[in-house]
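J.: Dropping the structure in here first, questions after.
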Amino acid sequence: MLKKTTHTQLIILIDPDKYNTELIKIANHCRVNYIFVGGSVLQKNNFEKTIKSIKSLTKIPVIIFPGDETQISKYADGILILSLLSGRNAEYLVGKHIKAASKIKASKLKPIPTGYILVAGDNTSTTQKVTKTKPLVTKKEITETAIAGELLGKQLIYLEAGSGAK
């Protein structure tokens with residue numbers, strides 16, 4: 001689903017609770033390669049409605065960036081299978097995957113194995129609070145964790161510092 005490339009790609013992440021159609025119009029003019037949709041903690045019940053709306057406004061592939069096992073929709077083009085490699089909370093290494101496995105398989109979504117690494121960003125991120133894990137601080141531990149993810153077959157490594165990070 002995500003094309004292997006040596007050049008920079010632009011991906012935007014949309015939180016369904018903060019969705020604004022104007023962002024999609026801007027994305028259509030700014031060479032955005034992919035749109036990720038998801039959030040750590042969703043308050044509104046508009047996940048699938050958001051994906052349908054985005055798909056009606058653009059040809060840009062929509063990939064689910066699931067905050068939990070309930071964020072699955074057959075209307076997306078793919079789904080990141082996120083493993084929180086920087087933490088040691090088994091629920092976010094594999095537990096959530098087990099809960100979602102049958103639903104993902106049945107949806108026919110293209111799975112994209114993804115290593116998720118929390119890095120220090122001066123603020124406590126929502127992801128830290130939800131997963132009860134700490135971010136990695138040093139370049140060495142971040143690099144070694146990313147390499148471990150690659151060796152484990154992760155096709156993508158996502159670095160997260162949280163909203164408003166330095």
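Note on naming: chains are A, B, ... as they come in the structure tokens, residues start from 1 per chain, ligands start from 1 in the order shown.
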Within chain A, find each residue whose DSSP state, derived from the backbone, is alpha helix (DSSP H), and express the selection as a PyMOL selection string.
T.: chain A and resi 21-29+47-57+90+96-107+126-131+139-151
J.: Take the residues that were just selected and, keeping C-alpha atoms, output them as a short mmCIF file (atom, residue, chain, number, x, y, z; two decimals), in the first residue's frame.
T.:
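The result, stored in out05.cif:
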data_model
loop_
_atom_site.label_atom_id
_atom_site.label_comp_id
_atom_site.auth_asym_id
_atom_site.auth_seq_id
_atom_site.Cartn_x
_atom_site.Cartn_y
_atom_site.Cartn_z
CA THR A 21 -13.18 19.26 5.16
CA GLU A 22 -11.05 22.31 4.37
CA LEU A 23 -7.95 20.30 5.28
CA ILE A 24 -8.75 17.80 2.53
CA LYS A 25 -9.14 20.59 -0.01
CA ILE A 26 -5.71 21.91 1.00
CA ALA A 27 -4.23 18.38 0.86
CA ASN A 28 -5.46 18.01 -2.73
CA HIS A 29 -3.36 21.02 -3.72
CA PHE A 47 -14.69 7.48 12.70
CA GLU A 48 -16.27 5.74 9.70
CA LYS A 49 -18.21 8.88 8.72
CA THR A 50 -14.90 10.79 8.61
CA ILE A 51 -13.28 8.20 6.34
CA LYS A 52 -16.27 8.22 3.97
CA SER A 53 -16.20 12.02 3.83
CA ILE A 54 -12.47 12.12 3.07
CA LYS A 55 -12.86 9.45 0.35
CA SER A 56 -15.62 11.54 -1.27
CA LEU A 57 -13.33 14.59 -1.43
CA ALA A 90 2.20 -6.08 26.16
CA LYS A 96 -4.71 -4.88 20.82
CA HIS A 97 -3.77 -6.73 17.61
CA ILE A 98 -5.31 -9.95 18.89
CA LYS A 99 -8.54 -8.12 19.72
CA ALA A 100 -8.72 -6.63 16.20
CA ALA A 101 -7.28 -9.49 14.11
CA SER A 102 -10.50 -11.16 12.94
CA LYS A 103 -12.19 -7.85 12.15
CA ILE A 104 -9.17 -6.62 10.15
CA LYS A 105 -8.92 -9.92 8.27
CA ALA A 106 -12.64 -9.82 7.40
CA SER A 107 -12.45 -6.18 6.28
CA THR A 126 -1.77 11.48 25.02
CA THR A 127 -0.18 8.26 23.75
CA GLN A 128 2.04 8.14 26.85
CA LYS A 129 -0.99 8.56 29.10
CA VAL A 130 -3.10 5.96 27.28
CA THR A 131 -0.36 3.33 26.97
CA LYS A 139 19.42 8.86 19.65
CA LYS A 140 21.04 5.48 20.30
CA GLU A 141 17.96 3.89 21.91
CA ILE A 142 15.68 5.35 19.22
CA THR A 143 17.95 4.05 16.42
CA GLU A 144 18.36 0.60 17.98
CA THR A 145 14.61 0.31 18.52
CA ALA A 146 13.94 1.27 14.90
CA ILE A 147 16.47 -1.31 13.69
CA ALA A 148 14.79 -3.96 15.88
CA GLY A 149 11.48 -3.02 14.26
CA GLU A 150 12.99 -3.44 10.81
CA LEU A 151 14.37 -6.86 11.80
#
J.: For Ile12 in chain A, find every residue with an atom within 9 Å (counting only C-alpha atoms), except residues of its own chain fewer than 2 positions away, and show them as a PyMOL selection string.
T.: chain A and resi 10+14+27+32-37
J.: Could you pull the residues within 9 Å of Lys166 in chain A, counting only C-alpha atoms, minus those fewer than 4 positions along the same chain, as a PyMOL selection string?
T.: chain A and resi 120-123+161
J.: So which one's closest to Ser40 in chain A, A:Pro61, A:Leu93, A:Gly162, A:Lys108? Using only C-alpha atoms, please.
T.: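 Among the listed residues, the smallest separation from Ser40 in chain A belongs to A:Gly162.
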J.: Between CA of Leu159 in chain A and CA of Lys134 in chain A, what is the distance in Å, rounded to a tenth?
T.: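 Straight-line distance from CA of Leu159 in chain A to CA of Lys134 in chain A works out to 13.3 Å.
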J.: Quick one: pull the distance between CA of Val62 in chain A and CA of Leu152 in chain A, Å, one decimal.
T.: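 Result for CA of Val62 in chain A versus CA of Leu152 in chain A: 24.9 Å, one decimal.
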J.: Which residue, A:Cys30, A:Leu85, A:Leu2, A:Val137, has the smallest gap to Pro111 in chain A when you use only C-alpha atoms?
T.: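 Of A:Cys30, A:Leu85, A:Leu2, A:Val137, the one nearest Pro111 in chain A is A:Leu2, counting only C-alpha atoms.
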J.: Using only C-alpha atoms, pick whichever of A:Ile112, A:Leu118, A:Ile157, A:Ile63 has the shortest atom-to-atom distance to Gly87 in chain A.
T.: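 Closest residue, counting only C-alpha atoms: A:Leu118.
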J.: Please identify all polymer residues within 10 Å of Asp17 in chain A, counting only C-alpha atoms, omitting same-chain residues fewer than 5 positions from it, and present them as a PDB file with all heavy atoms, in the first residue's frame.
T.:
ATOM      1  N   GLY A  38      -7.156   8.635  12.524  1.00  0.00           N
ATOM      2  CA  GLY A  38      -7.248   7.945  13.800  1.00  0.00           C
ATOM      3  C   GLY A  38      -6.936   8.896  14.936  1.00  0.00           C
ATOM      4  O   GLY A  38      -6.575  10.048  14.711  1.00  0.00           O
ATOM      5  N   GLY A  39      -7.076   8.395  16.142  1.00  0.00           N
ATOM      6  CA  GLY A  39      -6.793   9.207  17.317  1.00  0.00           C
ATOM      7  C   GLY A  39      -6.643   8.339  18.551  1.00  0.00           C
ATOM      8  O   GLY A  39      -7.222   7.254  18.626  1.00  0.00           O
ATOM      9  N   VAL A  41      -7.691   8.873  21.653  1.00  0.00           N
ATOM     10  CA  VAL A  41      -8.934   8.791  22.419  1.00  0.00           C
ATOM     11  C   VAL A  41     -10.004   9.556  21.643  1.00  0.00           C
ATOM     12  O   VAL A  41      -9.962  10.783  21.579  1.00  0.00           O
ATOM     13  CB  VAL A  41      -8.779   9.418  23.826  1.00  0.00           C
ATOM     14  CG1 VAL A  41     -10.072   9.293  24.612  1.00  0.00           C
ATOM     15  CG2 VAL A  41      -7.632   8.768  24.587  1.00  0.00           C
ATOM     16  N   LEU A  42     -10.942   8.850  21.042  1.00  0.00           N
ATOM     17  CA  LEU A  42     -11.997   9.511  20.275  1.00  0.00           C
ATOM     18  C   LEU A  42     -13.229   9.704  21.146  1.00  0.00           C
ATOM     19  O   LEU A  42     -13.688   8.773  21.802  1.00  0.00           O
ATOM     20  CB  LEU A  42     -12.353   8.701  19.026  1.00  0.00           C
ATOM     21  CG  LEU A  42     -11.217   8.496  18.013  1.00  0.00           C
ATOM     22  CD1 LEU A  42     -11.735   7.738  16.790  1.00  0.00           C
ATOM     23  CD2 LEU A  42     -10.600   9.824  17.600  1.00  0.00           C
ATOM     24  N   GLN A  43     -13.747  10.927  21.141  1.00  0.00           N
ATOM     25  CA  GLN A  43     -14.924  11.270  21.938  1.00  0.00           C
ATOM     26  C   GLN A  43     -16.213  11.138  21.126  1.00  0.00           C
ATOM     27  O   GLN A  43     -17.254  10.817  21.662  1.00  0.00           O
ATOM     28  CB  GLN A  43     -14.806  12.705  22.466  1.00  0.00           C
ATOM     29  CG  GLN A  43     -13.560  12.973  23.282  1.00  0.00           C
ATOM     30  CD  GLN A  43     -13.499  12.142  24.545  1.00  0.00           C
ATOM     31  OE1 GLN A  43     -14.486  11.970  25.231  1.00  0.00           O
ATOM     32  NE2 GLN A  43     -12.325  11.596  24.835  1.00  0.00           N
ATOM     33  N   LYS A  44     -16.112  11.448  19.840  1.00  0.00           N
ATOM     34  CA  LYS A  44     -17.290  11.409  18.977  1.00  0.00           C
ATOM     35  C   LYS A  44     -17.352  10.057  18.268  1.00  0.00           C
ATOM     36  O   LYS A  44     -16.337   9.417  18.046  1.00  0.00           O
ATOM     37  CB  LYS A  44     -17.208  12.533  17.937  1.00  0.00           C
ATOM     38  CG  LYS A  44     -17.121  13.916  18.548  1.00  0.00           C
ATOM     39  CD  LYS A  44     -16.912  14.959  17.470  1.00  0.00           C
ATOM     40  CE  LYS A  44     -16.696  16.336  18.048  1.00  0.00           C
ATOM     41  NZ  LYS A  44     -16.354  17.320  17.026  1.00  0.00           N
ATOM     42  N   ASN A  45     -18.521   9.657  17.863  1.00  0.00           N
ATOM     43  CA  ASN A  45     -18.698   8.394  17.147  1.00  0.00           C
ATOM     44  C   ASN A  45     -18.761   8.680  15.644  1.00  0.00           C
ATOM     45  O   ASN A  45     -19.773   8.442  15.002  1.00  0.00           O
ATOM     46  CB  ASN A  45     -19.975   7.692  17.632  1.00  0.00           C
ATOM     47  CG  ASN A  45     -20.113   6.312  17.053  1.00  0.00           C
ATOM     48  OD1 ASN A  45     -19.150   5.722  16.580  1.00  0.00           O
ATOM     49  ND2 ASN A  45     -21.333   5.780  17.073  1.00  0.00           N
ATOM     50  N   ASN A  46     -17.654   9.227  15.100  1.00  0.00           N
ATOM     51  CA  ASN A  46     -17.675   9.635  13.700  1.00  0.00           C
ATOM     52  C   ASN A  46     -16.484   9.094  12.901  1.00  0.00           C
ATOM     53  O   ASN A  46     -16.128   9.657  11.878  1.00  0.00           O
ATOM     54  CB  ASN A  46     -17.724  11.154  13.607  1.00  0.00           C
ATOM     55  CG  ASN A  46     -16.497  11.815  14.205  1.00  0.00           C
ATOM     56  OD1 ASN A  46     -15.704  11.186  14.912  1.00  0.00           O
ATOM     57  ND2 ASN A  46     -16.322  13.089  13.933  1.00  0.00           N
ATOM     58  N   PHE A  47     -15.885   8.011  13.357  1.00  0.00           N
ATOM     59  CA  PHE A  47     -14.692   7.476  12.700  1.00  0.00           C
ATOM     60  C   PHE A  47     -14.984   7.087  11.249  1.00  0.00           C
ATOM     61  O   PHE A  47     -14.343   7.581  10.327  1.00  0.00           O
ATOM     62  CB  PHE A  47     -14.150   6.268  13.496  1.00  0.00           C
ATOM     63  CG  PHE A  47     -12.911   5.682  12.915  1.00  0.00           C
ATOM     64  CD1 PHE A  47     -11.689   6.323  13.058  1.00  0.00           C
ATOM     65  CD2 PHE A  47     -12.949   4.494  12.210  1.00  0.00           C
ATOM     66  CE1 PHE A  47     -10.533   5.787  12.510  1.00  0.00           C
ATOM     67  CE2 PHE A  47     -11.809   3.956  11.662  1.00  0.00           C
ATOM     68  CZ  PHE A  47     -10.599   4.602  11.806  1.00  0.00           C
ATOM     69  N   THR A  50     -16.044   9.966   9.008  1.00  0.00           N
ATOM     70  CA  THR A  50     -14.901  10.789   8.606  1.00  0.00           C
ATOM     71  C   THR A  50     -14.194  10.173   7.406  1.00  0.00           C
ATOM     72  O   THR A  50     -13.867  10.873   6.444  1.00  0.00           O
ATOM     73  CB  THR A  50     -13.917  10.971   9.783  1.00  0.00           C
ATOM     74  OG1 THR A  50     -14.607  11.619  10.859  1.00  0.00           O
ATOM     75  CG2 THR A  50     -12.711  11.789   9.384  1.00  0.00           C
TER      76      THR A  50
END
